[in-house]
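Encoded as structure tokens, the structure appears first; notes follow it.
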Amino acid sequence: MPSVDYFVSGDPTAAKAVITSALDGQGFGVTPDAAGNWEVSRGSQAMTVLFGGLAGSRQRLIYRMQFFTAEDGSLVARFYRESGTGMMGGAIGISRSSATFLELDTAIGTALTNAGILTNFIRTA
């Protein structure tokens with residue numbers, strides 16, 4: 001499960017707004033769950049079922065964002081891709097899901113850096 005932990009200083013609500021804006025700029029919506037974590041998604045389930053990886057930007061892609069507090073009290077935002085993301089799109093879909101994950105990582109990291117609140121990040125494969 002590839003993931004990126006972003007360590008963020010300052011107000012957690014403001015940091016989440018920066019992340020939401022970065023995701024929105026890439027065409028992704030955020031749906032919070034009961035625990036306050038997010039489903040990050042775009043695309044159409046129907047288009048993905050019908051056309052697989054050929055659905056292009058309308059391929060259904062879902063990632064997750066989990067929030068927790070670091071030992072120093074700062075916010076940690078963990079962005080991750082669950083195993084199997086993009087599988088309905090076949091090999092093309094899996095490749096697109098991986099590439100899109102990297103694009104979103106760059107967008108989030110850049111937005112947090114530009115806001116002056118990214119203190120560190122850790123990527124895992």
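Each chain in the structure tokens gets a letter, A, B, ..., in the order shown, and its residues are numbered from 1; ligands are numbered from 1 in order too.
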
Margin query: What parts of chain A does DSSP call strand (DSSP E)? I'd like the answer as a PyMOL selection string.
Written below: chain A and resi 3-8+29-32+38-42+61-69+75-80+118-124

Checklist line | Spatial neighbours of A:Ser3, 12 Å, only C-alpha atoms, chain gap at least 4 places, as a count of residues only | finding: 21

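Between atom CA of A:Phe68 and atom CA of A:Asp33 there is a distance of 14.0 Å.
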
Checklist line | Surrounding residues of A:Pro32 excluding itself and chain neighbours under 6 positions, 12 Å, only C-alpha atoms, as a PyMOL selection string | finding: chain A and resi 16+20+38-41+64-67

Residues from the last selection, N, CA and C atoms, saved as a compact mmCIF listing (two decimals), in the first residue's frame:
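Heads up, here's the output in part.txt:
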```txt
# COMPACT_ATOMS: atom_id res chain seq x y z
N LYS A 16 -6.16 21.16 6.54
CA LYS A 16 -7.11 20.33 5.78
C LYS A 16 -7.72 21.12 4.62
N THR A 20 -7.60 20.01 0.80
CA THR A 20 -8.83 19.93 0.01
C THR A 20 -8.71 20.74 -1.27
N TRP A 38 -10.89 10.76 5.14
CA TRP A 38 -11.50 11.10 3.84
C TRP A 38 -11.37 9.99 2.82
N GLU A 39 -12.42 9.86 2.01
CA GLU A 39 -12.32 9.16 0.74
C GLU A 39 -12.05 10.24 -0.29
N VAL A 40 -11.04 10.06 -1.10
CA VAL A 40 -10.63 11.03 -2.12
C VAL A 40 -10.92 10.36 -3.46
N SER A 41 -11.85 10.92 -4.26
CA SER A 41 -12.27 10.20 -5.46
C SER A 41 -12.63 11.13 -6.61
N ARG A 64 -7.37 7.35 -0.17
CA ARG A 64 -7.77 7.64 1.21
C ARG A 64 -6.82 8.66 1.85
N MET A 65 -7.38 9.44 2.76
CA MET A 65 -6.59 10.37 3.57
C MET A 65 -6.99 10.13 5.02
N GLN A 66 -6.02 9.79 5.84
CA GLN A 66 -6.24 9.53 7.26
C GLN A 66 -5.52 10.61 8.05
N PHE A 67 -6.13 11.07 9.11
CA PHE A 67 -5.54 12.12 9.95
C PHE A 67 -5.30 11.60 11.35
```

Notebook entry, point to check: Which one is closest to A:Ser9: A:Leu75, A:Ala70, A:Ile62, A:Leu112? Count only C-alpha atoms.
Noted result: A:Leu75

Excluding same-chain residues fewer than 6 positions from A:Ile108, what lies within 10 Å of it counting only C-alpha atoms, as a PDB file with N, CA and C atoms, in the first residue's frame?
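Final output, saved to out_23.pdb:
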```
ATOM      1  N   TYR A   6       2.293  13.355   5.558  1.00  0.00           N
ATOM      2  CA  TYR A   6       2.657  14.773   5.562  1.00  0.00           C
ATOM      3  C   TYR A   6       2.564  15.259   7.002  1.00  0.00           C
ATOM      4  N   VAL A  18      -6.167  23.454   2.925  1.00  0.00           N
ATOM      5  CA  VAL A  18      -5.117  23.503   1.905  1.00  0.00           C
ATOM      6  C   VAL A  18      -5.104  22.193   1.117  1.00  0.00           C
ATOM      7  N   ILE A  19      -5.207  21.076   1.823  1.00  0.00           N
ATOM      8  CA  ILE A  19      -5.211  19.767   1.165  1.00  0.00           C
ATOM      9  C   ILE A  19      -6.442  19.612   0.283  1.00  0.00           C
ATOM     10  N   THR A  20      -7.601  20.014   0.797  1.00  0.00           N
ATOM     11  CA  THR A  20      -8.832  19.933   0.013  1.00  0.00           C
ATOM     12  C   THR A  20      -8.714  20.739  -1.268  1.00  0.00           C
ATOM     13  N   SER A  21      -8.160  21.928  -1.174  1.00  0.00           N
ATOM     14  CA  SER A  21      -7.981  22.788  -2.343  1.00  0.00           C
ATOM     15  C   SER A  21      -7.054  22.140  -3.364  1.00  0.00           C
ATOM     16  N   ALA A  22      -5.972  21.525  -2.892  1.00  0.00           N
ATOM     17  CA  ALA A  22      -5.034  20.850  -3.797  1.00  0.00           C
ATOM     18  C   ALA A  22      -5.717  19.692  -4.519  1.00  0.00           C
ATOM     19  N   LEU A  23      -6.509  18.929  -3.796  1.00  0.00           N
ATOM     20  CA  LEU A  23      -7.221  17.802  -4.405  1.00  0.00           C
ATOM     21  C   LEU A  23      -8.280  18.280  -5.384  1.00  0.00           C
ATOM     22  N   GLY A  25      -8.216  20.975  -7.083  1.00  0.00           N
ATOM     23  CA  GLY A  25      -7.516  21.461  -8.263  1.00  0.00           C
ATOM     24  C   GLY A  25      -7.130  20.357  -9.228  1.00  0.00           C
ATOM     25  N   GLN A  26      -7.084  19.126  -8.725  1.00  0.00           N
ATOM     26  CA  GLN A  26      -6.779  17.970  -9.561  1.00  0.00           C
ATOM     27  C   GLN A  26      -8.044  17.211  -9.970  1.00  0.00           C
ATOM     28  N   PHE A  79      -1.818  10.090   3.184  1.00  0.00           N
ATOM     29  CA  PHE A  79      -2.475   9.876   1.892  1.00  0.00           C
ATOM     30  C   PHE A  79      -2.033   8.504   1.393  1.00  0.00           C
ATOM     31  N   LEU A 102       0.872   9.652  -7.724  1.00  0.00           N
ATOM     32  CA  LEU A 102       2.084  10.477  -7.699  1.00  0.00           C
ATOM     33  C   LEU A 102       1.776  11.943  -7.997  1.00  0.00           C
ATOM     34  N   ASN A 114       3.875  25.574  -0.138  1.00  0.00           N
ATOM     35  CA  ASN A 114       3.570  26.972  -0.479  1.00  0.00           C
ATOM     36  C   ASN A 114       2.850  27.688   0.653  1.00  0.00           C
ATOM     37  N   LEU A 118       4.218  22.621   5.749  1.00  0.00           N
ATOM     38  CA  LEU A 118       4.761  21.269   5.650  1.00  0.00           C
ATOM     39  C   LEU A 118       6.106  21.232   6.364  1.00  0.00           C
TER      40      LEU A 118
END
```

Next item on the list: Could you please write out, as a list in words, every residue of stretch 94-124 of chain A that DSSP assigns to helix (DSSP H, G or I)?
Entry: Ile94, Ser95, Arg96, Ser97, Ser98, Ala99, Thr100, Phe101, Leu102, Glu103, Leu104, Asp105, Thr106, Ala107, Ile108, Gly109, Thr110, Ala111, Leu112, Thr113 and Asn114 of chain A

Can those selected residues be exported to a file as a PDB file, in the first residue's frame so that it contains C-alpha atoms?
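Written output follows (again16.pdb):
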```pdb
ATOM      1  CA  ILE A  94      -3.675   0.249 -12.536  1.00  0.00           C
ATOM      2  CA  SER A  95      -0.980   2.248 -14.316  1.00  0.00           C
ATOM      3  CA  ARG A  96      -3.197   5.344 -14.379  1.00  0.00           C
ATOM      4  CA  SER A  97      -4.017   4.912 -10.690  1.00  0.00           C
ATOM      5  CA  SER A  98      -0.311   4.774  -9.806  1.00  0.00           C
ATOM      6  CA  ALA A  99       0.546   7.799 -11.947  1.00  0.00           C
ATOM      7  CA  THR A 100      -2.383   9.784 -10.549  1.00  0.00           C
ATOM      8  CA  PHE A 101      -1.330   8.940  -6.990  1.00  0.00           C
ATOM      9  CA  LEU A 102       2.084  10.477  -7.699  1.00  0.00           C
ATOM     10  CA  GLU A 103       0.469  13.564  -9.264  1.00  0.00           C
ATOM     11  CA  LEU A 104      -1.747  14.037  -6.212  1.00  0.00           C
ATOM     12  CA  ASP A 105       1.230  13.557  -3.890  1.00  0.00           C
ATOM     13  CA  THR A 106       3.054  16.329  -5.754  1.00  0.00           C
ATOM     14  CA  ALA A 107       0.008  18.627  -5.683  1.00  0.00           C
ATOM     15  CA  ILE A 108      -0.569  18.119  -1.948  1.00  0.00           C
ATOM     16  CA  GLY A 109       3.110  18.504  -1.054  1.00  0.00           C
ATOM     17  CA  THR A 110       3.445  21.644  -3.167  1.00  0.00           C
ATOM     18  CA  ALA A 111       0.314  23.207  -1.671  1.00  0.00           C
ATOM     19  CA  LEU A 112       1.430  22.496   1.903  1.00  0.00           C
ATOM     20  CA  THR A 113       4.934  23.806   1.148  1.00  0.00           C
ATOM     21  CA  ASN A 114       3.570  26.972  -0.479  1.00  0.00           C
TER      22      ASN A 114
END
```

Note to self: So, with only C-alpha atoms as the atoms that count, which of A:Gly90, A:Gln59, A:Phe7, A:Pro2 lies closest to A:Glu71?
What the structure shows: A:Phe7

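Computed from the coordinates, the atom CA of A:Asn37 to atom CA of A:Gly93 distance equals 24.8 Å.
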
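Between atom CA of A:Gly116 and atom CA of A:Met1 lies a distance of 28.0 Å.
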
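Nearest to A:Pro12 of all the residues A:Arg60, A:Ala35, A:Thr69, A:Ile92 is A:Thr69, counting only C-alpha atoms.
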